[in-house]
$ cat protein30.csv   # CSV, C-alpha atoms
chain,number,residue,atom,x,y,z
L,1,MET,CA,-58.4,21.1,-75.3
L,2,ASP,CA,-60.1,18.2,-73.6
L,3,ALA,CA,-56.7,16.5,-72.9
L,4,LEU,CA,-55.3,19.7,-71.4
L,5,ALA,CA,-58.4,20.1,-69.2
L,6,LEU,CA,-58.2,16.5,-68.0
L,7,GLU,CA,-54.5,16.9,-67.1
L,8,ALA,CA,-55.2,20.1,-65.2
L,9,LYS,CA,-58.0,18.3,-63.4
L,10,ASN,CA,-55.6,15.5,-62.4
L,11,VAL,CA,-53.0,17.9,-61.1
L,12,ASN,CA,-55.6,19.8,-59.0
L,13,GLY,CA,-56.9,16.6,-57.6
L,14,ALA,CA,-53.4,15.5,-56.6
L,15,GLU,CA,-52.8,18.8,-54.8
L,16,ASN,CA,-56.1,18.5,-53.0
L,17,GLU,CA,-55.2,15.0,-51.8
L,18,LYS,CA,-51.9,16.3,-50.5
L,19,LYS,CA,-53.6,19.1,-48.6
L,20,SER,CA,-56.2,16.7,-47.2
L,21,ALA,CA,-53.7,14.0,-46.1
L,22,PRO,CA,-53.2,14.1,-42.3
L,23,ARG,CA,-49.8,15.3,-41.2
L,24,PRO,CA,-47.7,13.0,-39.0
L,25,ARG,CA,-47.8,14.1,-35.3
L,26,PRO,CA,-44.5,15.2,-33.8
L,27,LYS,CA,-43.1,12.8,-31.3
L,28,PRO,CA,-43.7,13.9,-27.7
L,29,PRO,CA,-40.4,14.8,-25.9
L,30,LYS,CA,-38.9,12.1,-23.8
L,31,LYS,CA,-39.6,12.4,-20.2
L,32,ALA,CA,-36.5,13.0,-18.1
L,33,LYS,CA,-35.5,9.9,-16.1
L,34,ARG,CA,-36.5,10.4,-12.5
L,35,ILE,CA,-33.6,10.4,-10.1
L,36,VAL,CA,-34.2,8.7,-6.8
L,37,TYR,CA,-32.2,10.6,-4.2
L,38,PHE,CA,-31.0,9.0,-1.0
L,39,GLU,CA,-31.3,10.3,2.6
L,40,VAL,CA,-28.2,9.5,4.5
L,41,GLU,CA,-27.8,9.7,8.3
L,42,ILE,CA,-24.5,9.4,10.0
L,43,LEU,CA,-24.4,7.9,13.5
L,44,ASP,CA,-21.6,7.7,16.1
L,45,LEU,CA,-20.3,4.1,16.2
L,46,LYS,CA,-20.1,4.0,20.0
L,47,THR,CA,-23.0,6.1,21.2
L,48,LYS,CA,-25.3,5.7,18.3
L,49,GLU,CA,-26.0,9.4,18.5
L,50,LYS,CA,-27.1,11.0,15.2
L,51,LEU,CA,-24.3,13.3,14.0
L,52,LEU,CA,-25.7,14.4,10.6
L,53,LEU,CA,-28.6,14.0,8.3
L,54,LEU,CA,-27.9,14.4,4.6
L,55,ASP,CA,-30.9,15.0,2.3
L,56,LYS,CA,-31.0,14.5,-1.5
L,57,VAL,CA,-27.8,12.6,-1.8
L,58,GLU,CA,-27.3,11.5,-5.4
L,59,PRO,CA,-27.3,7.7,-5.9
L,60,THR,CA,-24.0,7.8,-7.8
L,61,SER,CA,-22.2,9.4,-4.8
L,62,THR,CA,-19.2,7.5,-3.5
L,63,VAL,CA,-18.3,6.9,0.1
L,64,LEU,CA,-15.6,9.6,-0.3
L,65,ASP,CA,-18.3,12.1,-1.4
L,66,ILE,CA,-20.3,11.4,1.7
L,67,LYS,CA,-17.2,11.9,3.8
L,68,ALA,CA,-16.6,15.2,2.1
L,69,LEU,CA,-20.2,16.3,2.9
L,70,PHE,CA,-19.7,15.2,6.5
L,71,HIS,CA,-16.4,17.1,6.6
L,72,LYS,CA,-18.2,20.4,5.6
L,73,SER,CA,-20.4,20.1,8.7
L,74,ASN,CA,-17.6,18.9,11.0
L,75,PRO,CA,-14.3,20.4,9.8
L,76,LYS,CA,-12.2,18.6,12.4
L,77,TRP,CA,-13.0,15.2,10.8
L,78,TYR,CA,-11.4,15.4,7.4
L,79,PRO,CA,-12.1,12.5,5.0
L,80,ALA,CA,-8.9,10.6,5.7
L,81,ARG,CA,-9.7,10.6,9.4
L,82,GLN,CA,-13.2,9.1,8.9
L,83,SER,CA,-14.2,5.5,8.9
L,84,LEU,CA,-17.8,4.7,7.8
L,85,HIS,CA,-19.5,1.4,8.4
L,86,LEU,CA,-22.9,0.0,7.4
L,87,ASP,CA,-23.1,-1.8,10.7
L,88,PRO,CA,-21.2,-1.2,14.0
L,89,LYS,CA,-19.5,-4.6,13.6
L,90,SER,CA,-18.8,-4.5,9.9
L,91,LYS,CA,-15.6,-3.6,8.1
L,92,SER,CA,-14.9,0.0,7.1
L,93,LEU,CA,-16.3,1.0,3.6
L,94,ARG,CA,-13.9,1.7,0.9
L,95,ASP,CA,-13.8,5.3,-0.5
L,96,GLU,CA,-14.6,4.2,-4.0
L,97,GLU,CA,-17.8,2.3,-3.2
L,98,ILE,CA,-20.9,3.8,-4.7
L,99,LEU,CA,-24.0,4.5,-2.6
L,100,GLN,CA,-26.6,2.9,-4.9
L,101,THR,CA,-24.6,-0.4,-5.0
L,102,LEU,CA,-24.5,-0.8,-1.3
L,103,PRO,CA,-27.1,-3.0,0.5
L,104,VAL,CA,-29.1,-0.1,1.8
L,105,GLY,CA,-32.5,1.5,1.1
L,106,THR,CA,-33.2,5.1,0.1
L,107,THR,CA,-32.7,5.9,3.7
L,108,ALA,CA,-29.2,4.8,4.5
L,109,SER,CA,-27.5,4.8,7.9
L,110,PHE,CA,-23.7,4.9,8.3
L,111,TYR,CA,-21.8,4.5,11.5
L,112,PHE,CA,-18.8,6.8,12.0
L,113,SER,CA,-15.6,6.2,13.9
L,114,ASP,CA,-12.7,8.6,14.3
L,115,LEU,CA,-9.4,7.1,13.1
L,116,GLY,CA,-7.5,9.9,14.8
L,117,ALA,CA,-4.9,12.3,13.4
L,118,GLN,CA,-3.5,11.0,10.1
L,119,VAL,CA,-0.1,11.2,8.5
L,120,ALA,CA,0.9,10.4,4.9
L,121,TRP,CA,2.3,6.9,4.2
L,122,GLY,CA,5.2,8.4,2.4
L,123,THR,CA,6.2,10.3,5.5
L,124,VAL,CA,6.0,7.2,7.6
L,125,PHE,CA,8.2,5.2,5.2
L,126,LEU,CA,10.8,7.9,5.1
L,127,THR,CA,10.8,8.2,8.9
L,128,GLU,CA,11.1,4.5,9.3
L,129,CYS,CA,14.2,4.4,7.0
L,130,VAL,CA,16.0,7.6,7.9
L,131,GLY,CA,16.0,6.6,11.6
L,132,PRO,CA,17.8,3.2,11.3
L,133,LEU,CA,20.2,4.7,8.9
L,134,LEU,CA,21.4,7.4,11.3
L,135,MET,CA,21.1,5.2,14.3
L,136,TYR,CA,23.5,2.6,12.9
L,137,LEU,CA,26.0,5.2,11.8
L,138,MET,CA,26.1,6.6,15.4
L,139,PHE,CA,27.3,3.2,16.6
L,140,TYR,CA,29.6,2.7,13.7
L,141,PHE,CA,31.5,6.0,14.3
L,142,ARG,CA,31.4,5.1,18.1
L,143,LEU,CA,30.1,8.4,19.3
L,144,PRO,CA,30.7,9.3,23.0
L,145,PHE,CA,28.6,7.8,25.7
L,146,ILE,CA,28.0,4.6,23.7
L,147,TYR,CA,31.0,2.5,24.5
L,148,ASN,CA,34.0,3.1,26.9
L,149,SER,CA,35.4,6.6,26.5
L,150,LYS,CA,38.7,5.2,25.2
L,151,TYR,CA,36.9,3.9,22.2
L,152,ASP,CA,35.3,7.2,21.2
L,153,PHE,CA,35.5,7.8,17.4
L,154,THR,CA,37.7,4.8,16.9
L,155,THR,CA,37.3,2.3,14.1
L,156,SER,CA,37.1,-1.5,14.1
L,157,ARG,CA,40.0,-3.6,12.9
L,158,HIS,CA,37.6,-6.2,11.4
L,159,TRP,CA,36.8,-5.5,7.7
L,160,VAL,CA,33.4,-7.3,8.1
L,161,VAL,CA,32.3,-4.5,10.4
L,162,HIS,CA,32.9,-1.9,7.7
L,163,LEU,CA,31.2,-4.1,5.1
L,164,ALA,CA,28.2,-4.6,7.4
L,165,CYS,CA,27.9,-0.8,7.7
L,166,MET,CA,28.0,-0.3,3.9
L,167,CYS,CA,25.3,-3.0,3.4
L,168,HIS,CA,23.0,-1.7,6.1
L,169,SER,CA,23.3,1.9,4.8
L,170,PHE,CA,22.8,0.7,1.2
L,171,HIS,CA,19.6,-1.1,2.3
L,172,TYR,CA,18.0,1.9,3.9
L,173,ILE,CA,19.2,4.4,1.3
L,174,LYS,CA,17.6,2.1,-1.3
L,175,ARG,CA,14.3,2.1,0.6
L,176,ILE,CA,14.3,5.9,0.8
L,177,LEU,CA,14.9,6.2,-2.9
L,178,GLU,CA,12.2,3.7,-3.7
L,179,THR,CA,9.7,5.6,-1.5
L,180,LEU,CA,10.5,8.8,-3.3
L,181,PHE,CA,10.7,7.5,-6.9
L,182,VAL,CA,9.3,3.9,-7.2
L,183,HIS,CA,6.4,3.1,-4.9
L,184,ARG,CA,2.9,4.1,-5.7
L,185,ILE,CA,1.1,4.0,-2.4
L,186,SER,CA,-2.6,3.1,-2.6
L,187,HIS,CA,-3.4,4.0,1.0
L,188,GLY,CA,-2.9,7.7,1.4
L,189,THR,CA,-2.6,8.0,5.2
L,190,MET,CA,-2.3,6.0,8.4
L,191,PRO,CA,-3.0,7.0,12.0
L,192,LEU,CA,-0.4,9.3,13.5
L,193,ARG,CA,0.0,7.0,16.6
L,194,ASN,CA,1.2,4.2,14.4
L,195,ILE,CA,4.3,6.1,13.3
L,196,PHE,CA,5.6,5.8,16.9
L,197,LYS,CA,5.0,2.0,16.9
L,198,ASN,CA,6.6,1.5,13.4
L,199,CYS,CA,9.6,3.8,14.1
L,200,GLY,CA,10.1,2.2,17.5
L,201,TYR,CA,10.4,-1.2,15.9
L,202,TYR,CA,12.9,-0.2,13.2
L,203,TRP,CA,14.9,2.3,15.2
L,204,CYS,CA,15.3,0.0,18.3
L,205,PHE,CA,16.3,-3.0,16.3
L,206,ALA,CA,18.8,-0.9,14.3
L,207,ALA,CA,20.4,0.3,17.6
L,208,TRP,CA,20.4,-3.2,19.1
L,209,MET,CA,22.2,-4.8,16.2
L,210,ALA,CA,24.5,-1.9,15.6
L,211,TYR,CA,25.6,-1.9,19.2
L,212,TYR,CA,26.9,-5.5,19.0
L,213,ILE,CA,28.3,-5.4,15.4
L,214,ASN,CA,30.3,-2.2,16.1
L,215,HIS,CA,31.3,-3.2,19.6
L,216,PRO,CA,35.1,-3.1,20.3
L,217,LEU,CA,34.9,-6.7,21.4
L,218,TYR,CA,32.9,-7.9,18.4
L,219,THR,CA,34.0,-11.3,17.1
L,220,PRO,CA,33.8,-12.0,13.3
L,221,ALA,CA,32.1,-14.9,11.7
L,222,TYR,CA,33.3,-18.4,12.8
L,223,TYR,CA,34.0,-19.6,9.3
L,224,GLY,CA,35.8,-16.5,8.2
L,225,GLN,CA,35.8,-15.0,4.8
L,226,GLN,CA,33.9,-17.8,3.2
L,227,GLN,CA,30.9,-17.2,5.5
L,228,VAL,CA,31.1,-13.5,5.1
L,229,LYS,CA,31.2,-13.7,1.3
L,230,THR,CA,28.3,-16.1,1.2
L,231,GLY,CA,26.2,-13.7,3.3
L,232,LEU,CA,27.3,-10.7,1.2
L,233,TYR,CA,26.4,-12.4,-2.1
L,234,THR,CA,23.0,-13.5,-0.7
L,235,PHE,CA,22.4,-9.9,0.6
L,236,LEU,CA,23.2,-8.3,-2.8
L,237,PHE,CA,21.3,-10.8,-4.9
L,238,CYS,CA,18.2,-10.3,-2.8
L,239,GLN,CA,18.5,-6.6,-2.8
L,240,LEU,CA,18.5,-6.6,-6.6
L,241,GLY,CA,15.5,-9.0,-6.6
L,242,ASN,CA,13.6,-6.9,-4.1
L,243,PHE,CA,14.1,-3.8,-6.3
L,244,SER,CA,13.0,-5.7,-9.4
L,245,THR,CA,9.8,-6.8,-7.9
L,246,HIS,CA,9.0,-3.3,-6.6
L,247,VAL,CA,9.3,-2.1,-10.2
L,248,VAL,CA,6.8,-4.7,-11.4
L,249,LEU,CA,4.4,-3.8,-8.6
L,250,ARG,CA,4.7,-0.1,-9.5
L,251,ASN,CA,3.9,-0.8,-13.2
L,252,VAL,CA,0.7,-2.7,-12.4
L,253,LYS,CA,-0.7,0.3,-10.6
L,254,THR,CA,-2.1,3.2,-12.5
L,255,PRO,CA,-1.3,6.6,-11.0
L,256,GLY,CA,-4.2,7.9,-8.9
L,257,SER,CA,-6.2,4.7,-9.3
L,258,LYS,CA,-6.9,1.9,-6.8
L,259,VAL,CA,-7.7,-0.7,-9.4
L,260,LYS,CA,-5.8,-3.9,-8.7
L,261,LYS,CA,-4.1,-6.0,-11.3
L,262,ILE,CA,-2.3,-9.4,-11.1
L,263,PRO,CA,1.5,-8.9,-11.2
L,264,TYR,CA,3.3,-11.3,-13.6
L,265,PRO,CA,7.0,-12.0,-14.3
L,266,THR,CA,8.8,-9.9,-16.9
L,267,LYS,CA,11.9,-10.6,-18.9
L,268,ASN,CA,14.0,-9.6,-15.9
L,269,PRO,CA,15.1,-13.0,-14.3
L,270,PHE,CA,14.7,-11.6,-10.8
L,271,THR,CA,10.9,-11.3,-11.4
L,272,TRP,CA,10.4,-14.9,-12.5
L,273,ILE,CA,9.7,-15.8,-8.8
L,274,PHE,CA,6.3,-14.1,-9.4
L,275,ALA,CA,5.3,-17.5,-11.0
L,276,LEU,CA,5.6,-19.1,-7.6
L,277,VAL,CA,4.8,-16.6,-4.9
L,278,SER,CA,2.3,-13.7,-4.6
L,279,CYS,CA,4.7,-11.4,-2.6
L,280,PRO,CA,8.2,-12.0,-3.8
L,281,ASN,CA,9.3,-8.6,-2.5
L,282,TYR,CA,8.9,-10.1,1.0
L,283,THR,CA,10.7,-13.2,-0.1
L,284,TYR,CA,13.7,-11.2,-1.2
L,285,GLU,CA,13.5,-9.0,1.9
L,286,LEU,CA,13.7,-12.2,4.0
L,287,GLY,CA,16.7,-13.4,2.0
L,288,THR,CA,18.4,-10.0,2.5
L,289,TRP,CA,18.3,-10.3,6.2
L,290,LEU,CA,19.3,-13.9,6.2
L,291,GLY,CA,22.3,-12.9,4.2
L,292,PHE,CA,23.1,-10.1,6.7
L,293,THR,CA,22.7,-12.6,9.6
L,294,VAL,CA,25.2,-15.0,8.0
L,295,MET,CA,27.6,-12.2,7.2
L,296,THR,CA,27.7,-10.7,10.7
L,297,GLN,CA,26.9,-13.8,12.8
L,298,CYS,CA,25.1,-11.5,15.2
L,299,LEU,CA,22.2,-12.7,17.4
L,300,PRO,CA,20.2,-9.4,17.4
L,301,VAL,CA,20.2,-9.5,13.5
L,302,ALA,CA,18.9,-13.1,13.6
L,303,PHE,CA,16.2,-12.1,16.0
L,304,PHE,CA,15.2,-9.1,13.8
L,305,THR,CA,15.1,-11.5,10.8
L,306,ILE,CA,12.7,-13.9,12.6
L,307,VAL,CA,10.4,-11.2,13.8
L,308,GLY,CA,10.4,-9.6,10.3
L,309,PHE,CA,9.7,-13.0,8.7
L,310,ILE,CA,6.6,-13.5,11.0
L,311,GLN,CA,5.2,-10.1,10.2
L,312,MET,CA,5.9,-10.3,6.5
L,313,THR,CA,4.2,-13.7,6.4
L,314,ILE,CA,1.1,-12.2,7.9
L,315,TRP,CA,1.1,-9.4,5.3
L,316,ALA,CA,1.8,-11.9,2.5
L,317,LYS,CA,-1.0,-14.2,3.5
L,318,GLY,CA,-3.4,-11.3,3.6
L,319,LYS,CA,-2.5,-10.1,0.2
L,320,HIS,CA,-2.5,-13.7,-1.2
L,321,ARG,CA,-6.1,-14.2,0.1
L,322,GLY,CA,-7.0,-10.8,-1.4
L,323,TYR,CA,-5.7,-11.8,-4.8
L,324,ILE,CA,-7.6,-15.1,-4.8
L,325,LYS,CA,-10.8,-13.4,-3.7
L,326,GLU,CA,-10.6,-10.6,-6.3
L,327,PHE,CA,-9.3,-12.5,-9.4
L,328,ARG,CA,-11.0,-15.8,-10.5
L,329,ASP,CA,-8.1,-16.5,-12.9
L,330,TYR,CA,-5.4,-16.0,-10.2
L,331,PRO,CA,-2.5,-18.5,-10.7
L,332,THR,CA,-3.1,-21.5,-8.5
L,333,LEU,CA,0.6,-22.5,-8.3
L,334,ARG,CA,1.5,-19.4,-6.3
L,335,SER,CA,2.2,-19.5,-2.5
L,336,SER,CA,2.2,-16.5,-0.2
L,337,ILE,CA,5.9,-15.9,0.5
L,338,ILE,CA,7.9,-19.2,0.2
L,339,PRO,CA,7.4,-21.4,-2.9
L,340,PHE,CA,5.4,-24.6,-2.3
L,341,ILE,CA,5.7,-24.2,1.5
L,342,LEU,CA,4.1,-21.0,2.8
$ encode --input "protein30.csv" --output "structure tokens"
Amino acid sequence: MDALALEAKNVNGAENEKKSAPRPRPKPPKKAKRIVYFEVEILDLKTKEKLLLLDKVEPTSTVLDIKALFHKSNPKWYPARQSLHLDPKSKSLRDEEILQTLPVGTTASFYFSDLGAQVAWGTVFLTECVGPLLMYLMFYFRLPFIYNSKYDFTTSRHWVVHLACMCHSFHYIKRILETLFVHRISHGTMPLRNIFKNCGYYWCFAAWMAYYINHPLYTPAYYGQQQVKTGLYTFLFCQLGNFSTHVVLRNVKTPGSKVKKIPYPTKNPFTWIFALVSCPNYTYELGTWLGFTVMTQCLPVAFFTIVGFIQMTIWAKGKHRGYIKEFRDYPTLRSSIIPFIL
């Protein structure tokens, strides 16, 4: 009996200790992280007049988000038409830049400039290409009011004239198909006024060279078939190379993304030139028109090639500098457009 009583006493004592032991306090709920909102004012770039004040803008908002908010208050200025700057003399901000990463305080000032009416880049490319294609064919078929009336709808007796028409048409049909099915255009729009400048350049040059190549008094290449064939092979080789590099550039771009990647050569031999230049598509484009110049021996074509080379060199140098600035591991052996030279 004494043993049972002692055991019962121990059990009761243990239960009393459990009851008297303090219970652990529940952890207090975590306080919600405080969000610091921004106040954004948008000023006119020229007059410095305040156009809009945005209150409680989230710090993770992008420049495109701010443009969208501005568009709600000013419907005529849709996002593609807006250019926002941190300073009247600074560069335009990119749409993907985030508000909290910009060098501004919680009260940020943006300067707005109107880019004017916009048009899609795809539309511009198609207009640039369809125009020269049709323009050249008008001269090739010798429509009335171009040459002397006795030559209306006649054909040239020189086979190189017909070959030149096929090559010129092939080039622009290729560009149209690439615009529709290959190119991934990072810039959505461009000012509408630029379409007249771009089209004027391509259309006028196409008419100028077509007028002389298809002229009834046109004289073929001085060195005959050998010169024509050399120009033709150069033209075709560079057209294949140009297409191959466009495919590489397409594959390094993710649909809907503006993230840039370094293009590298593939198993396709035409892409190996990527090891030496940053913009081989321009290199091949230059070779295309050099071949066409040799084939036709036409001064307007040579002038078009020179002007195009100057413009493509400017573009290539800009892209080359952009690659070096953005990628620390960018290949140092690469030049802009011509290996080891330029």
$ closest_residue --input "protein30.csv" --among "L:Val130, L:Leu286, L:Ala80, L:Leu102" --to "L:Gln311" --atoms "all atoms listed in the file"
L:Leu286
$ residues_around --input "protein30.csv" --residues "stretch 179-195 of chain L" --least-positions-apart "5" --cutoff "8 Å" --atoms "all atoms listed in the file" --output "PyMOL selection string"
chain L and resi 80+115-122+124-126+246-247+250+253+255+257-258
$ closest_residue --input "protein30.csv" --among "L:Ser61, L:Ser156, L:Asn242, L:Gln225" --to "L:Glu178" --atoms "all atoms listed in the file"
L:Asn242
$ atom_distance --input "protein30.csv" --atom1 "atom CA of L:Ser113" --atom2 "atom CA of L:Ser83"
5.2 Å
$ closest_residue --input "protein30.csv" --among "L:Phe243, L:Val160, L:Phe141, L:Ala275" --to "L:Leu177" --atoms "all atoms listed in the file"
L:Phe243
$ closest_residue --input "protein30.csv" --among "L:Leu86, L:Ile306, L:Cys165, L:Val277" --to "L:Val63" --atoms "only C-alpha atoms"
L:Leu86
$ residues_around --input "protein30.csv" --residues "L:Gln239" --least-positions-apart "3" --cutoff "10 Å" --atoms "only C-alpha atoms" --output "list of chain:residue names"
L:Cys167, L:Phe170, L:His171, L:Lys174, L:Tyr233, L:Thr234, L:Phe235, L:Leu236, L:Asn242, L:Phe243, L:Ser244, L:Asn281, L:Tyr284, L:Glu285, L:Gly287, L:Thr288, L:Trp289
$ residues_around --input "protein30.csv" --residues "L:Ser336" --least-positions-apart "3" --cutoff "10 Å" --atoms "only C-alpha atoms" --output "ChimeraX atom specification"
/L:276-280,282-283,312-321,339-342
$ atom_distance --input "protein30.csv" --atom1 "atom CA of L:Tyr323" --atom2 "atom CA of L:Pro263"
10.1 Å
$ closest_residue --input "protein30.csv" --among "L:Thr60, L:Thr293, L:Thr101, L:Thr154" --to "L:Ile35" --atoms "all atoms listed in the file"
L:Thr60
$ atom_distance --input "protein30.csv" --atom1 "atom CA of L:Pro216" --atom2 "atom CA of L:Val301"
17.6 Å
$ closest_residue --input "protein30.csv" --among "L:Val104, L:Leu137, L:Leu143, L:Val57" --to "L:Ala210" --atoms "only C-alpha atoms"
L:Leu137
